[in-house]
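**Q** One structure follows; several queries about it will come next.
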Amino acid sequence: MKESTVRARNNVKFVYTAGQLAINKIIEDMGFVTDMEKEFLPYQVDVYVYSIHAAVEYDGAHSFKKKDEKRDEYLMEKYNLPVLRLTFFAPKENVKQILIPYFKNCAMKGENKC
């Protein structure tokens, strides 16, 4: 895993991977305001998209599907936060093709959340 950027918040150091940074850039280039490693206690999400109240998670090679499913269920139940998961297996050019319809669908709902 390539470490790219470090940011500290509340004395906690976050190290962003190249995948997280790439996904965040694509989302910001689409005109959305984001926050990386946004806290939804007891978790953080890789990228939080404010205007549609949705999270995008970048699953690397060491992702644990069962644990991730439980985490996503908790985030939906507690925070009404949908989580879109992208894997590191997805070619970069396909990421935008996944995000655009997902975000458009969220925006069309007009509920300010997915």
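Each chain in the structure tokens gets a letter, A, B, ..., in the order shown, and its residues are numbered from 1; ligands are numbered from 1 in order too.
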Name all residues at most 10 Å from range 38-50 of chain A (count only C-alpha atoms; drop same-chain ones fewer than 3 positions away) and give them as a ChimeraX atom specification.
**A** /A:16-17,19-21,23-24,27-28,32-35,53-59,71-72,74-75,78-79,81,83-85,103,112-113
**Q** Let's have the selection written as a PDB file, in the first residue's frame, with C-alpha atoms.
**A**
ATOM      1  CA  TYR A  16      -4.144   8.346   2.881  1.00  0.00           C
ATOM      2  CA  THR A  17      -3.479   5.734   0.264  1.00  0.00           C
ATOM      3  CA  GLY A  19      -6.447   4.900  -4.036  1.00  0.00           C
ATOM      4  CA  GLN A  20      -8.220   7.118  -1.496  1.00  0.00           C
ATOM      5  CA  LEU A  21      -6.609  10.232  -2.939  1.00  0.00           C
ATOM      6  CA  ILE A  23     -11.143   8.581  -5.640  1.00  0.00           C
ATOM      7  CA  ASN A  24     -11.384  11.812  -3.654  1.00  0.00           C
ATOM      8  CA  ILE A  27     -15.306  13.171  -6.721  1.00  0.00           C
ATOM      9  CA  GLU A  28     -14.044  16.715  -6.171  1.00  0.00           C
ATOM     10  CA  PHE A  32     -18.689  17.703  -4.876  1.00  0.00           C
ATOM     11  CA  VAL A  33     -17.348  18.853  -1.508  1.00  0.00           C
ATOM     12  CA  THR A  34     -15.716  16.008   0.377  1.00  0.00           C
ATOM     13  CA  ASP A  35     -13.977  15.152   3.607  1.00  0.00           C
ATOM     14  CA  HIS A  53     -24.827  12.465   2.609  1.00  0.00           C
ATOM     15  CA  ALA A  54     -23.010   9.421   1.286  1.00  0.00           C
ATOM     16  CA  ALA A  55     -19.692   7.708   1.859  1.00  0.00           C
ATOM     17  CA  VAL A  56     -17.311   6.086  -0.582  1.00  0.00           C
ATOM     18  CA  GLU A  57     -14.973   3.398   0.697  1.00  0.00           C
ATOM     19  CA  TYR A  58     -11.896   2.229  -1.151  1.00  0.00           C
ATOM     20  CA  ASP A  59     -11.377  -1.455  -0.412  1.00  0.00           C
ATOM     21  CA  ARG A  71     -19.842  -1.812   9.452  1.00  0.00           C
ATOM     22  CA  ASP A  72     -21.941  -0.573   6.515  1.00  0.00           C
ATOM     23  CA  TYR A  74     -24.230   0.004  11.358  1.00  0.00           C
ATOM     24  CA  LEU A  75     -23.528   3.251   9.482  1.00  0.00           C
ATOM     25  CA  LYS A  78     -27.120   4.773  13.116  1.00  0.00           C
ATOM     26  CA  TYR A  79     -26.413   7.614  10.656  1.00  0.00           C
ATOM     27  CA  LEU A  81     -25.348   6.831   5.723  1.00  0.00           C
ATOM     28  CA  VAL A  83     -21.708   3.468   1.639  1.00  0.00           C
ATOM     29  CA  LEU A  84     -20.552   2.833  -1.912  1.00  0.00           C
ATOM     30  CA  ARG A  85     -17.623   0.411  -1.966  1.00  0.00           C
ATOM     31  CA  PHE A 103     -24.352  10.392  -7.466  1.00  0.00           C
ATOM     32  CA  ASN A 112     -30.067  15.357   0.231  1.00  0.00           C
ATOM     33  CA  LYS A 113     -29.002  11.783   0.862  1.00  0.00           C
TER      34      LYS A 113
END
**Q** Enumerate as a PyMOL selection string all residues of range 23-110 of chain A assigned to alpha helix (DSSP H) by DSSP on the backbone, naming them with the chain letters and numbers the document uses.
**A** chain A and resi 23-29+65-79+92-109
**Q** Could you turn the residues from that selection into a file that holds N, CA and C atoms, as a short mmCIF file (atom, residue, chain, number, x, y, z; two decimals), in the first residue's frame?
**A**
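Done, and the output landed in part32.cif:
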data_model
loop_
_atom_site.label_atom_id
_atom_site.label_comp_id
_atom_site.auth_asym_id
_atom_site.auth_seq_id
_atom_site.Cartn_x
_atom_site.Cartn_y
_atom_site.Cartn_z
N ILE A 23 -9.68 8.56 -5.69
CA ILE A 23 -11.14 8.58 -5.64
C ILE A 23 -11.63 9.95 -5.17
N ASN A 24 -10.99 10.49 -4.15
CA ASN A 24 -11.38 11.81 -3.65
C ASN A 24 -11.24 12.87 -4.75
N LYS A 25 -10.16 12.81 -5.50
CA LYS A 25 -9.94 13.79 -6.59
C LYS A 25 -11.02 13.67 -7.65
N ILE A 26 -11.37 12.46 -8.03
CA ILE A 26 -12.42 12.27 -9.04
C ILE A 26 -13.72 12.89 -8.55
N ILE A 27 -14.06 12.65 -7.28
CA ILE A 27 -15.31 13.17 -6.72
C ILE A 27 -15.28 14.70 -6.66
N GLU A 28 -14.15 15.25 -6.22
CA GLU A 28 -14.04 16.72 -6.17
C GLU A 28 -14.07 17.32 -7.57
N ASP A 29 -13.44 16.65 -8.54
CA ASP A 29 -13.47 17.14 -9.92
C ASP A 29 -14.89 17.13 -10.50
N LYS A 65 -14.69 -8.72 3.89
CA LYS A 65 -16.07 -8.53 3.43
C LYS A 65 -17.11 -8.61 4.55
N LYS A 66 -17.06 -9.62 5.40
CA LYS A 66 -18.05 -9.77 6.48
C LYS A 66 -18.01 -8.58 7.43
N LYS A 67 -16.80 -8.19 7.82
CA LYS A 67 -16.62 -7.06 8.74
C LYS A 67 -17.12 -5.77 8.09
N ASP A 68 -16.82 -5.60 6.80
CA ASP A 68 -17.25 -4.40 6.07
C ASP A 68 -18.77 -4.34 5.98
N GLU A 69 -19.41 -5.47 5.74
CA GLU A 69 -20.88 -5.51 5.64
C GLU A 69 -21.51 -5.07 6.96
N LYS A 70 -20.99 -5.58 8.07
CA LYS A 70 -21.53 -5.22 9.38
C LYS A 70 -21.32 -3.73 9.65
N ARG A 71 -20.17 -3.23 9.28
CA ARG A 71 -19.84 -1.81 9.45
C ARG A 71 -20.80 -0.94 8.65
N ASP A 72 -21.04 -1.33 7.38
CA ASP A 72 -21.94 -0.57 6.52
C ASP A 72 -23.37 -0.60 7.06
N GLU A 73 -23.80 -1.73 7.56
CA GLU A 73 -25.13 -1.85 8.16
C GLU A 73 -25.26 -0.91 9.36
N TYR A 74 -24.22 -0.87 10.19
CA TYR A 74 -24.23 0.00 11.36
C TYR A 74 -24.33 1.47 10.93
N LEU A 75 -23.52 1.87 9.95
CA LEU A 75 -23.53 3.25 9.48
C LEU A 75 -24.90 3.64 8.91
N MET A 76 -25.55 2.70 8.25
CA MET A 76 -26.88 2.98 7.70
C MET A 76 -27.91 3.09 8.83
N GLU A 77 -27.85 2.18 9.77
CA GLU A 77 -28.81 2.20 10.88
C GLU A 77 -28.63 3.42 11.78
N LYS A 78 -27.40 3.71 12.15
CA LYS A 78 -27.12 4.77 13.12
C LYS A 78 -27.15 6.17 12.49
N TYR A 79 -26.59 6.29 11.28
CA TYR A 79 -26.41 7.61 10.66
C TYR A 79 -27.19 7.80 9.34
N LYS A 92 -9.09 2.36 -12.99
CA LYS A 92 -9.33 3.77 -12.70
C LYS A 92 -10.39 4.41 -13.59
N GLU A 93 -10.35 4.07 -14.88
CA GLU A 93 -11.29 4.69 -15.80
C GLU A 93 -12.74 4.25 -15.53
N ASN A 94 -12.92 3.12 -14.85
CA ASN A 94 -14.27 2.65 -14.54
C ASN A 94 -14.83 3.30 -13.28
N VAL A 95 -13.98 3.85 -12.44
CA VAL A 95 -14.44 4.44 -11.18
C VAL A 95 -15.44 5.56 -11.45
N LYS A 96 -15.11 6.44 -12.38
CA LYS A 96 -16.00 7.56 -12.70
C LYS A 96 -17.33 7.04 -13.27
N GLN A 97 -17.27 5.98 -14.05
CA GLN A 97 -18.47 5.40 -14.64
C GLN A 97 -19.37 4.78 -13.56
N ILE A 98 -18.81 4.43 -12.42
CA ILE A 98 -19.59 3.92 -11.29
C ILE A 98 -20.12 5.08 -10.47
N LEU A 99 -19.28 6.09 -10.23
CA LEU A 99 -19.67 7.21 -9.37
C LEU A 99 -20.74 8.10 -9.99
N ILE A 100 -20.63 8.41 -11.27
CA ILE A 100 -21.56 9.36 -11.90
C ILE A 100 -23.01 8.91 -11.76
N PRO A 101 -23.37 7.68 -12.16
CA PRO A 101 -24.78 7.30 -12.01
C PRO A 101 -25.21 7.20 -10.54
N TYR A 102 -24.30 6.78 -9.69
CA TYR A 102 -24.63 6.68 -8.26
C TYR A 102 -24.96 8.06 -7.69
N PHE A 103 -24.12 9.05 -7.97
CA PHE A 103 -24.35 10.39 -7.47
C PHE A 103 -25.57 11.04 -8.12
N LYS A 104 -25.77 10.81 -9.42
CA LYS A 104 -26.95 11.37 -10.10
C LYS A 104 -28.21 10.80 -9.48
N ASN A 105 -28.21 9.52 -9.18
CA ASN A 105 -29.36 8.89 -8.56
C ASN A 105 -29.63 9.51 -7.20
N CYS A 106 -28.59 9.76 -6.45
CA CYS A 106 -28.74 10.40 -5.15
C CYS A 106 -29.33 11.79 -5.31
N ALA A 107 -28.81 12.56 -6.25
CA ALA A 107 -29.27 13.94 -6.46
C ALA A 107 -30.71 13.97 -6.94
N MET A 108 -31.09 13.01 -7.76
CA MET A 108 -32.45 12.97 -8.27
C MET A 108 -33.48 12.71 -7.18
N LYS A 109 -33.08 12.01 -6.15
CA LYS A 109 -34.00 11.73 -5.06
C LYS A 109 -34.44 13.01 -4.36
#
